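Comments concern the structure below.
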Amino acid sequence: MFNYSISKRKPTKRQVNEWFWGWFFIAPTIVGLIILNLIPIIQTMYLSFFRTGAFGRGNVFIGFDNYVRLFNDAQVWRATANTLLYTGLVIPISISISLVIAVLLNEKIFARTTYRTIYFIPMIAAPAAVTMVWKWLYNREFGLLNYLMDWLGLGRVDWINNPNVALISIVIIGIWSIIGYNVVLMLAGLQEIPKDYYEASVIDGAGPVSKFFHITIPLLSPTLFFITVTTIIQSMQVFDFIYMMIDVASPAYDNTVSLVYLFYNNSFKYGERGYGSAIVMLLLAIIMIITVLQMKAQKKWVNYR
Amino acid sequence: MNSTRKKLYKSIAIHTFLIIGAFIMVFPFIWMVLTAFKTVTESTSMNPFVFFPSEWRWENFATVLEQNNFIRLYYNTLAMMFWRVVCGVMFSAMAAFAFARLTFPGRDFFFGLVLFQMMVPVQIFIIPQYLMVDALGMRNTIFALVFPGLVSAFGTFLLRQFFMQLPKELEEAAILDGANIGQIFLHIMLPLVRSGLIALGIFTALFAFKDLMWPLIINSEPNSAVLASALARIQGAYSIHYPQLMAAAVLAIWPMLAVYLVFQRKFIEGISTSGGKL
Amino acid sequence: MKKRLTFLSVISVLVLLFLAACGNDSESTSENGGESDGGTDETQSGSGEEVELRFSIWDSNQESGLRQIANEFEEQNPGIKINIEVNGWGDYWTALEAGATGGSLPDVFWMHSNEIYRYASNEMLLDLNDRIQSSDVVEMDKFPEGLKSIYNFEGTQYAIPKDYDTIGLWYNKTMFDEANVSYPDDTWTWDDLYDAAKQLTKDDGSQYGILTPLHNQEGYYNFVYQNGGTIITDDKVSGYDDPKTIEALEFYVNFVLEGLSPQEFGDGERVTHLQNGLVAMGFFGSWNLTGFTENEYMAENFDVAVLPASNDGGRASIFNGLGNAIAHNTDHPDEAWKWVEYLSSEEGQTRQAELGVAISAYEGAADAWVNSNDTYDIGVFIDMVDYAQIRPYSNTTAVWEDRAYERLNGAFTNDKTVEEAAKDAAAVMNESLSQE
């Protein structure tokens, strides 16, 4: 609000007052984040230079060996590719579907409360139960999807274990589970768009499509920006669904394993926390690059009033 | 005449689309509920394919209720959700306001810290946070459940977007009236981002409800467990009783649905008031 | 000015964080010793009247039986209360790891051959040698040698065998009757198994003769040892490239390639195939008994037999057993020992068997287990002990088991030959063994 540049001038009393209010307001969050999150992150970074013993004992400093190993580990690169592919599929598809649904549900249509509730439902489900149901639907031998495929006279598909299909199956669950989140946020954002903007455009003779692209999208852009940033971060960290659907034994493992899944296996199953930490650092670097690019790009398309 | 017909077609098209979508969204849940009433055999039978249970068996629910103290689980879960929402929303709103509307040294750096934290998978926090709670001697308490949710980077980022959208003239007028920054925040800004606060409240409650790994590990005693971790335990190690598991899942979900329905009304009320003011 | 301020704050925060991180580190390591005193007041609330023991297990099927045993124990030992905590297999080890790192392990918990090395070599478990020696009721010679040695690390006994398990051939009697095939028995060889699988498979894909999933303990390990092959040699070298091992794997995988078994890689789905009548035969361990008995369809149609012998008469069934261990830093070592002592005594072991919880490891107690269930002919699990083969393990079992799976799955999908897959598995397994 008080957009003076902090220049060589001595700050005025009002400015200093604003500084203190600012620090006061962010203090609980920043202190909390440092204790809860930043310290663990730094510890993880630190651990990535060690060959770790069990239970945090007997760590041996090995410099960049974990990173050297990482760069030569074909599985890590496959996991990186899988993670990026998953994100690249889930984000555009889920955002466009959600946008259409949100815009429709923002109109005064019949039964919109019911629709809102229904579209929100996937968000409530505990991942364990949801994945179990999806696993059923996908099951090659007794799943509903293959039952339908049989009925339609199409061949059966091994939704979970076919290396070429498994990632798509997971992407479908990913989209399914994220739509509610997107729609809720978009509805909240849509409410902030004043009605008179639309009324004015109708007088100007704008059709629904033109309204959508010239009013809705620009005015919703802060929300869209937020959704894009957070869902990309979330998708890059995909783990639960893959972990519960795809066993290490599955032939589709190599084509679906994500970076967090690899991290989890190394840190918690194989007792290699150092190597697991290095994998997290790689993931962190990738997410950071993507997010910084988005922050830079936001000036081009996000409208803050 | 023509235009009303056109309107009718349009509305049919919209509803067809929404109904198909809604069906896809809700189908896994219908399946969950139906399965909760089946026998184990029916639940996985392929030939013939069993869609509806041959009779509505409540015993799956009875067994699950008998074996688990659901009252306790509801209480623990609600307490965790409540405190995480209160702390998360309050602190996030304060920080978000400062990041969006105030200028002070270190602002961009600290906001960078907030974003940075979101980029790290939550799994790495579990063991360090466990050690902290353990050092405080607070395992198996409500505090332990709330602990990782005391502050929220996600919430700060979300509300910052809402605060950024508000027009500048609002504060300028208030300053002229002699209000200080705290008053501006409380009386002018907060009411305007109501829908954002409610959205954040819903998400925080949801994330808390779905949080599995943390409650499982930090509150290992059955009496201090929450619904999600109890559900994971019911899943057991090897042989799985699908109908009982689904009955437990249904029992776990309905209070969430109820909470959402209550909040949703508020959410919609928020539309008319805040939307009109701008 | 602005730049400098930002820079300064970055530096100061980083320094702060680093200090905090180091401080936190040393705190957590010193805690391992100090924590035990702190914990006492909290869990015991100072009174010392009643001691509560945390007893952690991973199999919910055994919970109710163990609860009953715990109740009986509590009656005999007023002042001790047992709190049973159940977690699924994966979560169990994550939670235990967190507890071990933080110095707050459960007082008593189950151990497994895959994990004993990590816990024993890092002194996370209480040395039981002296207590066993001075105990009147724990007689170690009554437990099978192979099981005892799993939990004996460099001469120290860190856990006492609780139970054991073997793998049986479960078959669908109704399907056998329909196809007019006689039930499997101890005269069966691999050829009989193959012929039966062939006759029991229906062409329309509605019924498979057998289930041969990519699974080690409840799958190909049994065949490898029946054939005289091995998974890991005494010198800790992979046995996957042993010709006998490859031959067994070829026989096993062939069921899938010929369409006599569905392709299955998931763990949970295997049981489902049995329970919804998709497969006529399957290999499952004795620990599934409770679940299989509760399932109406299985109780009605199924029975269990010993595993078939290889064509030259080689027999084997994979044998494993859990152990009860005590945390090294428990606040109540004496009470915890009392509980483990009871569980390991003839009385406790017999109770466990009678209640059908698991096959008790104690000599002679197994008969009580056989009598606990009249749905299936479960005596076969005991019959197989004579030639049972301890589940292969080393210090990093969990790592090389997964690595081997990753290489072997190509054989089941026919993307590579069994021989190629097995040799790949041997290579990655040796690589991981060399790092032990």
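The chains in the structure tokens are called A, B, ... from first to last as shown; in each chain the residues are counted from 1, and the ligands are counted from 1 in the order shown.
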Helix (DSSP H, G or I) per DSSP on the backbone: members of segment 130-296 of chain C, as a count of residues only: 76
Would you list which chain C residues are within 7 Å of chain A using only C-alpha atoms, as a PyMOL selection string? chain C and resi 2+17+21+94+97+100-101+118+214+265-266+398-399+402+405-406+409-410
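Reported to one decimal place, the separation of atom CA of Pro167 of chain B from atom CA of Ile290 of chain A is 29.4 Å.
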If we count only C-alpha atoms and set the cut-off at 7 Å, which residues sit around segment 187-198 of chain C, ignoring sequence neighbours fewer than 6 positions away in its own chain? Please answer as a PyMOL selection string. chain C and resi 181+209-210+260+308-311
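Between atom CA of Asp163 of chain C and atom CA of Val271 of chain C lies a distance of 22.2 Å.
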Taking only C-alpha atoms into account, produce a table as a Markdown table in which each residue of chain C with an atom at most 6 Å from an atom of chain B appears once, together with its shortest atom pair and the distance in Å to one decimal, ordered by chain and rising number.
```
| residue | atom | partner | partner_atom | distance |
| --- | --- | --- | --- | --- |
| C:Thr6 | CA | B:Gly106 | CA | 5.5 |
| C:Asp59 | CA | B:Ala237 | CA | 5.1 |
| C:Ser60 | CA | B:Gly236 | CA | 5.2 |
| C:Asn87 | CA | B:Arg233 | CA | 5.2 |
| C:Gly88 | CA | B:Ala237 | CA | 4.5 |
| C:Trp89 | CA | B:Ala237 | CA | 5.4 |
| C:Ala95 | CA | B:Ile217 | CA | 5.1 |
| C:Ala98 | CA | B:Ile127 | CA | 5.9 |
| C:Gly102 | CA | B:Leu131 | CA | 5.4 |
| C:Asn276 | CA | B:Ser45 | CA | 5.2 |
| C:Gly291 | CA | B:Ser239 | CA | 5.7 |
```
Can you check which residues of chain B have any atom within 7 Å of chain A? Use only C-alpha atoms and format it as JSON, numbers by chain. {"B": [22, 25, 26, 28, 32, 44, 46, 91, 92, 94, 95, 98, 101, 102, 103, 104, 105, 117, 119, 120, 121, 125, 128, 129, 148, 151, 158, 161, 164, 165, 166, 167, 168, 195, 196, 199, 206, 210, 228, 232, 249, 253, 256, 271, 275, 278]}
Any idea what's packed within 9 Å of Ser224 of chain B, counting only C-alpha atoms, ignoring anything in its chain fewer than 3 positions away? Could you give it as a ChimeraX atom specification? /B:72-73,76,140-142,215,219-221
Between atom CA of Val138 of chain C and atom CA of Ile326 of chain C, distance in Å (one decimal):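 Pair atom CA of Val138 of chain C / atom CA of Ile326 of chain C returns 15.3 Å.
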Would you mind listing what lies within 9 Å of Ile80 of chain C as a PyMOL selection string, with only C-alpha atoms counted and same-chain residues fewer than 5 positions away left out? chain C and resi 49-53+73-75+335+339
Fewer than 5 positions away in the same chain doesn't count, so skip those; otherwise give me all residues within 10 Å of segment 121-134 of chain C, counting only C-alpha atoms, as JSON, numbers by chain. {"A": [53, 54, 55, 57, 58], "C": [100, 101, 103, 105, 107, 108, 109, 111, 116, 139, 140, 152, 153, 154, 155, 156, 157, 158, 159, 160, 325, 326, 327, 328, 329, 330, 333, 334, 337, 338, 341, 395]}
Nearest-residue call for Met81 of chain B, choices B:Ile184, B:Ala179, B:Ala174, B:Leu150, using only C-alpha atoms: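 Ranked by minimum distance to Met81 of chain B, first place goes to B:Leu150.
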Closest of C:Ala411, C:Met429, C:Met175, C:Val385 to Phe302 of chain C - atom-to-atom distances counting only C-alpha atoms: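 Of C:Ala411, C:Met429, C:Met175, C:Val385, the one nearest Phe302 of chain C, counting only C-alpha atoms, is C:Met175.
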For Tyr198 of chain A, list every protein, DNA or RNA residue within 12 Å, evaluated using only C-alpha atoms, and leave out those in the same chain fewer than 6 positions away; present the list as an MDAnalysis selection string. chainID A and resid 190 204:208 210:216 219
Take the residues just selected and output them with N, CA and C atoms as an mmCIF file, in the first residue's frame.
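Dumped everything to part.cif:
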```
data_model
loop_
_atom_site.group_PDB
_atom_site.id
_atom_site.type_symbol
_atom_site.label_atom_id
_atom_site.label_comp_id
_atom_site.auth_asym_id
_atom_site.auth_seq_id
_atom_site.Cartn_x
_atom_site.Cartn_y
_atom_site.Cartn_z
ATOM 1 N N LEU A 190 -13.837 -16.411 -8.247
ATOM 2 C CA LEU A 190 -14.883 -15.859 -9.127
ATOM 3 C C LEU A 190 -15.791 -14.895 -8.375
ATOM 4 N N ASP A 204 -21.937 -3.953 -24.118
ATOM 5 C CA ASP A 204 -21.023 -3.820 -25.259
ATOM 6 C C ASP A 204 -21.224 -4.917 -26.290
ATOM 7 N N GLY A 205 -22.103 -5.883 -26.004
ATOM 8 C CA GLY A 205 -22.409 -6.918 -26.975
ATOM 9 C C GLY A 205 -21.469 -8.100 -26.952
ATOM 10 N N ALA A 206 -20.802 -8.343 -25.812
ATOM 11 C CA ALA A 206 -19.880 -9.468 -25.736
ATOM 12 C C ALA A 206 -20.646 -10.773 -25.523
ATOM 13 N N GLY A 207 -20.224 -11.840 -26.218
ATOM 14 C CA GLY A 207 -20.836 -13.156 -26.049
ATOM 15 C C GLY A 207 -20.184 -13.874 -24.885
ATOM 16 N N PRO A 208 -20.696 -15.079 -24.523
ATOM 17 C CA PRO A 208 -20.162 -15.814 -23.374
ATOM 18 C C PRO A 208 -18.679 -16.150 -23.536
ATOM 19 N N SER A 210 -16.395 -14.580 -25.328
ATOM 20 C CA SER A 210 -15.574 -13.380 -25.194
ATOM 21 C C SER A 210 -15.534 -12.921 -23.742
ATOM 22 N N LYS A 211 -16.670 -13.052 -23.018
ATOM 23 C CA LYS A 211 -16.682 -12.709 -21.592
ATOM 24 C C LYS A 211 -15.677 -13.562 -20.838
ATOM 25 N N PHE A 212 -15.668 -14.866 -21.186
ATOM 26 C CA PHE A 212 -14.794 -15.805 -20.498
ATOM 27 C C PHE A 212 -13.331 -15.401 -20.668
ATOM 28 N N PHE A 213 -12.954 -15.069 -21.925
ATOM 29 C CA PHE A 213 -11.540 -14.787 -22.156
ATOM 30 C C PHE A 213 -11.141 -13.367 -21.793
ATOM 31 N N HIS A 214 -12.097 -12.421 -21.879
ATOM 32 C CA HIS A 214 -11.696 -11.038 -21.629
ATOM 33 C C HIS A 214 -11.978 -10.542 -20.229
ATOM 34 N N ILE A 215 -12.876 -11.202 -19.526
ATOM 35 C CA ILE A 215 -13.135 -10.770 -18.152
ATOM 36 C C ILE A 215 -12.746 -11.851 -17.146
ATOM 37 N N THR A 216 -13.327 -13.041 -17.318
ATOM 38 C CA THR A 216 -13.125 -14.078 -16.307
ATOM 39 C C THR A 216 -11.645 -14.425 -16.148
ATOM 40 N N LEU A 219 -9.384 -11.547 -14.692
ATOM 41 C CA LEU A 219 -9.692 -11.197 -13.312
ATOM 42 C C LEU A 219 -9.479 -12.376 -12.365
#
```
Distance criterion (only C-alpha atoms): nearest to Leu200 of chain B out of B:Trp83, B:Phe23, B:Trp254, B:Phe154: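 Of the candidates, the smallest distance to Leu200 of chain B is held by B:Phe154.
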